[in-house]
Amino acid sequence: MQALTGKIAVITGGNSGIGKATAQLFAQQGAKVAITGRRQDVLDAAVAEIGSGVVGIQGDSADIAQHTRLVREIRQRFGELDIFVANAGVIKLAPSDKVTVEDYDHQFDVNTRGVFFGVQAILPLMRDGGSIILVSSIAATKTLDNHAVYAGSKAAIGAFARAWALELKARKIRVNVLSPGPVETPILDKLGVTAKERPDFVKAMGDMIPLGRMGLPADLASAALFLACDAGSFITGIELTVDGGMSLT
Ligand SMILES: NC(=O)c1ccc[n+]([C@@H]2O[C@H](COP(=O)([O-])OP(=O)(O)OC[C@H]3O[C@@H](n4cnc5c(N)ncnc54)[C@H](OP(=O)(O)O)[C@@H]3O)[C@@H](O)[C@H]2O)c1
C-alpha cells in the first residue's frame, strides 16, 4: 500500500530542487501531483523526468491573480485536493545596508505574500483532513550573515502556520512548516556558486553540519511525505527542522 494512494497534491516551485524531489516521491507513493513554477521549459522537463502522475501548471506565486488561475485549473483537472506544499521560494543575500527595495519586495512577494494568498486561494478546494506544508528555512530562527530579509520573509510563514493550524482545526486540516538547512539544489547557482566552486562549497558546508554533509532534496522530500501522509496525522502547527543538526551549532 502506497502512503498517498488516491490523494491529490499541489506543490509550488515543483520544477526544481526540493519541490521536484517531493513531487517525485509523492507520485511514487500514489498521489496525483500538480507542480508549478514560472519557467515553462523547466516545468516541462520536470514533468517528463517524474513521469506519470504529474502535471505542470505554469504560474508566478508572486502574482496574486495567478493563484485564482491555479485554483481554476486544479478544480477543472482534479475537483479537490488533499495536500498543498507551499515550496516556491527565492533568496538574495546581502548585508542590510545594501538591501534594495526591489530585493526586499521580491523575497517577501514570493516567500511570504505568495504563501499567504496561495493558501487562502487553495483552501476552498481542500478536502477536510488535508495537509498544508509551508517550506521555510532554518534561517527563520538561526541568525546567519546577510540573511536578514530572507529570514524575515520565512519567519512570517511560521506565524501563519501556527495561526492556520488553529483556524482550520474544525476541518481537521493540518498545517506544518518544513525547515531545511543547507540543501544541494539549483538554489546554489542562484546564490552565485559556480559549477567549479560547487564541490569545495559543498564540502565546506558539510564540515559545518553535525551529520557531516549538506542535505539532499530527497531528505526533504521524505520529511514532507511524513507530514503529508497518515504517519503525521496527529501533527499540526510544528516546524520540522531537517538540517543534519546545523541549527544546534
Ligand atoms: N536549498 C537550500 O539550501 C534551502 C534551505 C532552506 C530553505 N530552502 C527553501 O526551500 C524551497 C525550495 O528551494 P530549492 O533549494 O529547492 O530551490 P530551487 O531549486 O531554486 O527551487 C525553487 C523553486 O521555486 C520556484 N519559484 C521561484 N520563484 C517563484 C515564483 N515567483 N513563482 C513560482 N515559482 C517560483 C522555482 O521555479 P521557477 O524559477 O521556474 O519559478 C523553483 O521551482 C525554497 O522556499 C527555499 O527558500 C532551501
# chains A, B, ... in the order shown; residues from 1 in each chain; ligands from 1
$ select_by_dssp --residues "stretch 31-211 of chain A" --states "alpha helix (DSSP H)" --output "ChimeraX atom specification"
/A:40-50,64-78,101-108,114-122,148-167,187-190,198-207
$ select_by_dssp --residues "stretch 20-242 of chain A" --states "strand (DSSP E or B)" --output "PDB file with C-alpha atoms, in the first residue's frame"
ATOM      1  CA  LYS A  32      -1.640  12.742  -8.438  1.00  0.00           C
ATOM      2  CA  VAL A  33       0.577  15.817  -8.300  1.00  0.00           C
ATOM      3  CA  ALA A  34       0.427  19.273  -9.876  1.00  0.00           C
ATOM      4  CA  ILE A  35       3.657  21.259  -9.830  1.00  0.00           C
ATOM      5  CA  THR A  36       4.068  24.954 -10.512  1.00  0.00           C
ATOM      6  CA  GLY A  37       6.923  27.248 -11.488  1.00  0.00           C
ATOM      7  CA  VAL A  54       2.385  14.632 -12.527  1.00  0.00           C
ATOM      8  CA  VAL A  55       1.125  17.697 -14.407  1.00  0.00           C
ATOM      9  CA  GLY A  56       2.775  21.104 -14.718  1.00  0.00           C
ATOM     10  CA  ILE A  57       0.858  24.349 -14.312  1.00  0.00           C
ATOM     11  CA  GLN A  58       2.915  27.423 -15.131  1.00  0.00           C
ATOM     12  CA  LEU A  81      -7.067  18.440  -3.313  1.00  0.00           C
ATOM     13  CA  ASP A  82      -5.610  16.917  -0.164  1.00  0.00           C
ATOM     14  CA  ILE A  83      -2.071  18.280   0.093  1.00  0.00           C
ATOM     15  CA  PHE A  84      -0.670  21.738  -0.600  1.00  0.00           C
ATOM     16  CA  VAL A  85       3.093  22.281  -0.364  1.00  0.00           C
ATOM     17  CA  ALA A  86       3.978  25.988  -0.496  1.00  0.00           C
ATOM     18  CA  MET A 126      -9.077  21.369   0.116  1.00  0.00           C
ATOM     19  CA  ARG A 127     -10.777  18.317   1.455  1.00  0.00           C
ATOM     20  CA  ASP A 128     -11.317  18.192   5.215  1.00  0.00           C
ATOM     21  CA  GLY A 129      -8.444  16.229   6.760  1.00  0.00           C
ATOM     22  CA  GLY A 130      -5.920  17.671   4.303  1.00  0.00           C
ATOM     23  CA  SER A 131      -2.312  18.679   4.927  1.00  0.00           C
ATOM     24  CA  ILE A 132      -0.637  22.025   4.245  1.00  0.00           C
ATOM     25  CA  ILE A 133       3.163  22.197   4.357  1.00  0.00           C
ATOM     26  CA  LEU A 134       4.994  25.530   4.231  1.00  0.00           C
ATOM     27  CA  VAL A 135       8.667  25.314   3.282  1.00  0.00           C
ATOM     28  CA  ARG A 174      -3.141  20.123   9.452  1.00  0.00           C
ATOM     29  CA  VAL A 175      -0.664  22.938   8.844  1.00  0.00           C
ATOM     30  CA  ASN A 176       3.048  22.431   9.403  1.00  0.00           C
ATOM     31  CA  VAL A 177       6.340  24.030   8.469  1.00  0.00           C
ATOM     32  CA  LEU A 178       9.303  22.206   6.977  1.00  0.00           C
ATOM     33  CA  SER A 179      12.585  23.981   7.740  1.00  0.00           C
ATOM     34  CA  PRO A 180      15.561  22.849   5.665  1.00  0.00           C
ATOM     35  CA  VAL A 183      20.452  21.570   0.685  1.00  0.00           C
ATOM     36  CA  GLY A 215      21.127  17.938   2.751  1.00  0.00           C
ATOM     37  CA  GLU A 239       8.220  23.345  12.488  1.00  0.00           C
ATOM     38  CA  LEU A 240      10.059  20.198  11.392  1.00  0.00           C
ATOM     39  CA  THR A 241      13.740  21.044  11.078  1.00  0.00           C
ATOM     40  CA  VAL A 242      15.681  18.918   8.578  1.00  0.00           C
TER      41      VAL A 242
END
$ closest_residue --among "A:Ala140, A:Ile187, A:Leu216, A:Ala156" --to "ligand 1" --atoms "only C-alpha atoms and all ligand atoms"
A:Ile187
$ closest_atom_pairs --of "chain A" --to "ligand 1" --cutoff "6 Å" --atoms "only C-alpha atoms and all ligand atoms" --output "JSON lines"
{"residue": "A:Thr12", "atom": "CA", "partner": "ligand 1", "partner_atom_place_in_ligand_line": "34 (N)", "distance": 5.9}
{"residue": "A:Gly13", "atom": "CA", "partner": "ligand 1", "partner_atom_place_in_ligand_line": "43 (O)", "distance": 3.3}
{"residue": "A:Gly14", "atom": "CA", "partner": "ligand 1", "partner_atom_place_in_ligand_line": "43 (O)", "distance": 4.9}
{"residue": "A:Asn15", "atom": "CA", "partner": "ligand 1", "partner_atom_place_in_ligand_line": "43 (O)", "distance": 4.3}
{"residue": "A:Ser16", "atom": "CA", "partner": "ligand 1", "partner_atom_place_in_ligand_line": "43 (O)", "distance": 4.2}
{"residue": "A:Gly17", "atom": "CA", "partner": "ligand 1", "partner_atom_place_in_ligand_line": "16 (O)", "distance": 3.4}
{"residue": "A:Ile18", "atom": "CA", "partner": "ligand 1", "partner_atom_place_in_ligand_line": "16 (O)", "distance": 3.8}
{"residue": "A:Gly19", "atom": "CA", "partner": "ligand 1", "partner_atom_place_in_ligand_line": "16 (O)", "distance": 5.6}
{"residue": "A:Gly37", "atom": "CA", "partner": "ligand 1", "partner_atom_place_in_ligand_line": "34 (N)", "distance": 3.8}
{"residue": "A:Arg38", "atom": "CA", "partner": "ligand 1", "partner_atom_place_in_ligand_line": "41 (O)", "distance": 3.5}
{"residue": "A:Arg39", "atom": "CA", "partner": "ligand 1", "partner_atom_place_in_ligand_line": "40 (O)", "distance": 3.8}
{"residue": "A:Gly59", "atom": "CA", "partner": "ligand 1", "partner_atom_place_in_ligand_line": "33 (C)", "distance": 5.7}
{"residue": "A:Asp60", "atom": "CA", "partner": "ligand 1", "partner_atom_place_in_ligand_line": "32 (N)", "distance": 3.4}
{"residue": "A:Ser61", "atom": "CA", "partner": "ligand 1", "partner_atom_place_in_ligand_line": "32 (N)", "distance": 3.7}
{"residue": "A:Ala62", "atom": "CA", "partner": "ligand 1", "partner_atom_place_in_ligand_line": "31 (N)", "distance": 4.8}
{"residue": "A:Asn87", "atom": "CA", "partner": "ligand 1", "partner_atom_place_in_ligand_line": "45 (O)", "distance": 4.7}
{"residue": "A:Ala88", "atom": "CA", "partner": "ligand 1", "partner_atom_place_in_ligand_line": "24 (O)", "distance": 3.5}
{"residue": "A:Gly89", "atom": "CA", "partner": "ligand 1", "partner_atom_place_in_ligand_line": "45 (O)", "distance": 3.4}
{"residue": "A:Val90", "atom": "CA", "partner": "ligand 1", "partner_atom_place_in_ligand_line": "47 (O)", "distance": 5.4}
{"residue": "A:Val110", "atom": "CA", "partner": "ligand 1", "partner_atom_place_in_ligand_line": "31 (N)", "distance": 5.1}
{"residue": "A:Val135", "atom": "CA", "partner": "ligand 1", "partner_atom_place_in_ligand_line": "45 (O)", "distance": 5.3}
{"residue": "A:Ser136", "atom": "CA", "partner": "ligand 1", "partner_atom_place_in_ligand_line": "7 (C)", "distance": 5.5}
{"residue": "A:Ser137", "atom": "CA", "partner": "ligand 1", "partner_atom_place_in_ligand_line": "6 (C)", "distance": 3.9}
{"residue": "A:Pro180", "atom": "CA", "partner": "ligand 1", "partner_atom_place_in_ligand_line": "6 (C)", "distance": 4.4}
{"residue": "A:Gly181", "atom": "CA", "partner": "ligand 1", "partner_atom_place_in_ligand_line": "5 (C)", "distance": 4.9}
{"residue": "A:Pro182", "atom": "CA", "partner": "ligand 1", "partner_atom_place_in_ligand_line": "3 (O)", "distance": 3.5}
{"residue": "A:Val183", "atom": "CA", "partner": "ligand 1", "partner_atom_place_in_ligand_line": "3 (O)", "distance": 3.7}
{"residue": "A:Glu184", "atom": "CA", "partner": "ligand 1", "partner_atom_place_in_ligand_line": "1 (N)", "distance": 5.7}
{"residue": "A:Thr185", "atom": "CA", "partner": "ligand 1", "partner_atom_place_in_ligand_line": "15 (O)", "distance": 4.8}
{"residue": "A:Pro186", "atom": "CA", "partner": "ligand 1", "partner_atom_place_in_ligand_line": "19 (O)", "distance": 4.2}
{"residue": "A:Ile187", "atom": "CA", "partner": "ligand 1", "partner_atom_place_in_ligand_line": "20 (O)", "distance": 3.7}
$ write_last_selection --atoms "C-alpha atoms" --output "compact mmCIF listing (two decimals), in the first residue's frame"
# COMPACT_ATOMS: atom_id res chain seq x y z
CA THR A 12 4.53 25.25 -5.79
CA GLY A 13 8.05 25.53 -7.19
CA GLY A 14 7.86 21.85 -8.04
CA ASN A 15 10.05 22.06 -11.13
CA SER A 16 13.37 22.14 -9.25
CA GLY A 17 15.26 21.05 -6.15
CA ILE A 18 13.24 20.20 -3.04
CA GLY A 19 9.87 20.70 -4.76
CA GLY A 37 6.92 27.25 -11.49
CA ARG A 38 7.49 30.26 -13.67
CA ARG A 39 9.81 28.70 -16.29
CA GLY A 59 2.47 30.36 -12.77
CA ASP A 60 4.13 33.03 -10.66
CA SER A 61 3.39 32.77 -6.92
CA ALA A 62 4.15 36.47 -6.51
CA ASN A 87 7.58 25.47 -1.52
CA ALA A 88 8.35 28.17 -4.14
CA GLY A 89 10.98 30.46 -2.74
CA VAL A 90 13.76 32.87 -3.59
CA VAL A 110 7.30 35.18 -3.25
CA VAL A 135 8.67 25.31 3.28
CA SER A 136 10.63 27.74 5.42
CA SER A 137 14.33 27.65 6.36
CA PRO A 180 15.56 22.85 5.67
CA GLY A 181 19.15 23.60 6.46
CA PRO A 182 21.56 23.89 3.50
CA VAL A 183 20.45 21.57 0.69
CA GLU A 184 22.22 20.86 -2.62
CA THR A 185 19.77 22.27 -5.15
CA PRO A 186 19.88 24.73 -8.08
CA ILE A 187 19.37 27.49 -5.50
$ residues_around --residues "A:Ala94" --least-positions-apart "6" --cutoff "10 Å" --atoms "only C-alpha atoms" --output "PyMOL selection string"
chain A and resi 100+103+145-150
$ write_last_selection --atoms "C-alpha atoms" --output "compact mmCIF listing (two decimals), in the first residue's frame"
# COMPACT_ATOMS: atom_id res chain seq x y z
CA THR A 100 17.36 47.33 -2.20
CA ASP A 103 15.18 42.74 -3.48
CA ASP A 145 25.18 36.51 7.94
CA ASN A 146 23.43 38.54 5.22
CA HIS A 147 20.13 36.67 5.68
CA ALA A 148 18.03 39.39 7.40
CA VAL A 149 15.44 39.86 4.67
CA TYR A 150 15.22 36.20 3.65
$ atom_distance --atom1 "atom CA of A:Ile50" --atom2 "atom CA of A:Gln24"
5.5 Å
$ atom_distance --atom1 "atom CA of A:Ala21" --atom2 "atom CA of A:Lys172"
26.6 Å
$ closest_residue --among "A:Ala23, A:Ala139, A:Ile74, A:His67" --to "A:Glu49" --atoms "only C-alpha atoms"
A:Ala23
$ atom_distance --atom1 "atom CA of A:Thr143" --atom2 "atom CA of A:Gly212"
20.4 Å
$ closest_residue --among "A:Leu4, A:Ile238, A:Ile209, A:Leu188" --to "A:Leu93" --atoms "only C-alpha atoms"
A:Leu188
$ residues_around --residues "A:Arg162" --least-positions-apart "2" --cutoff "8 Å" --atoms "only C-alpha atoms" --output "list in words"
Gly158, Ala159, Phe160, Trp164, Ala165, Leu166, Val175, Asn176, Gly237 and Ile238 of chain A
$ residues_around --residues "A:Gly30" --least-positions-apart "4" --cutoff "12 Å" --atoms "only C-alpha atoms" --output "VMD selection string"
chain A and resid 1 to 9 23 to 26 52 to 54 225 229
$ write_last_selection --atoms "N, CA and C atoms" --output "mmCIF file, in the first residue's frame"
data_model
loop_
_atom_site.group_PDB
_atom_site.id
_atom_site.type_symbol
_atom_site.label_atom_id
_atom_site.label_comp_id
_atom_site.auth_asym_id
_atom_site.auth_seq_id
_atom_site.Cartn_x
_atom_site.Cartn_y
_atom_site.Cartn_z
ATOM 1 N N MET A 1 0.851 -1.210 0.000
ATOM 2 C CA MET A 1 0.000 0.000 0.000
ATOM 3 C C MET A 1 0.883 1.256 0.000
ATOM 4 N N GLN A 2 0.619 2.156 -0.956
ATOM 5 C CA GLN A 2 1.395 3.382 -1.003
ATOM 6 C C GLN A 2 0.779 4.405 -0.035
ATOM 7 N N ALA A 3 1.624 5.303 0.465
ATOM 8 C CA ALA A 3 1.182 6.213 1.533
ATOM 9 C C ALA A 3 0.198 7.274 1.052
ATOM 10 N N LEU A 4 0.199 7.580 -0.271
ATOM 11 C CA LEU A 4 -0.653 8.677 -0.752
ATOM 12 C C LEU A 4 -1.637 8.225 -1.837
ATOM 13 N N THR A 5 -1.998 6.976 -1.827
ATOM 14 C CA THR A 5 -2.951 6.469 -2.827
ATOM 15 C C THR A 5 -4.247 7.285 -2.777
ATOM 16 N N GLY A 6 -4.662 7.762 -3.948
ATOM 17 C CA GLY A 6 -5.926 8.496 -4.045
ATOM 18 C C GLY A 6 -5.834 9.959 -3.652
ATOM 19 N N LYS A 7 -4.658 10.416 -3.276
ATOM 20 C CA LYS A 7 -4.506 11.811 -2.840
ATOM 21 C C LYS A 7 -4.129 12.707 -4.024
ATOM 22 N N ILE A 8 -4.564 13.961 -3.925
ATOM 23 C CA ILE A 8 -4.188 14.986 -4.906
ATOM 24 C C ILE A 8 -3.292 15.998 -4.187
ATOM 25 N N ALA A 9 -2.138 16.276 -4.779
ATOM 26 C CA ALA A 9 -1.198 17.217 -4.157
ATOM 27 C C ALA A 9 -0.822 18.327 -5.131
ATOM 28 N N ALA A 23 7.695 16.134 -5.373
ATOM 29 C CA ALA A 23 6.707 15.708 -6.374
ATOM 30 C C ALA A 23 6.972 14.270 -6.818
ATOM 31 N N GLN A 24 8.244 13.965 -7.024
ATOM 32 C CA GLN A 24 8.634 12.615 -7.464
ATOM 33 C C GLN A 24 8.230 11.566 -6.415
ATOM 34 N N LEU A 25 8.529 11.859 -5.151
ATOM 35 C CA LEU A 25 8.216 10.902 -4.087
ATOM 36 C C LEU A 25 6.701 10.766 -3.902
ATOM 37 N N PHE A 26 5.993 11.899 -3.939
ATOM 38 C CA PHE A 26 4.537 11.843 -3.771
ATOM 39 C C PHE A 26 3.911 11.009 -4.904
ATOM 40 N N SER A 52 4.648 9.559 -14.995
ATOM 41 C CA SER A 52 3.195 9.538 -14.815
ATOM 42 C C SER A 52 2.803 10.033 -13.430
ATOM 43 N N GLY A 53 1.584 10.608 -13.385
ATOM 44 C CA GLY A 53 1.061 11.088 -12.103
ATOM 45 C C GLY A 53 1.326 12.555 -11.848
ATOM 46 N N VAL A 54 2.033 13.227 -12.776
ATOM 47 C CA VAL A 54 2.385 14.632 -12.527
ATOM 48 C C VAL A 54 1.954 15.522 -13.690
ATOM 49 N N LEU A 225 6.813 14.000 2.992
ATOM 50 C CA LEU A 225 5.883 12.858 2.913
ATOM 51 C C LEU A 225 5.340 12.511 4.300
ATOM 52 N N CYS A 229 1.292 12.521 4.929
ATOM 53 C CA CYS A 229 0.540 11.249 4.935
ATOM 54 C C CYS A 229 0.014 10.921 6.332
#
$ residues_around --residues "A:Ser247" --least-positions-apart "4" --cutoff "8 Å" --atoms "only C-alpha atoms" --output "list in words"
Ile138, Lys142, Gly181 and Asp243 of chain A
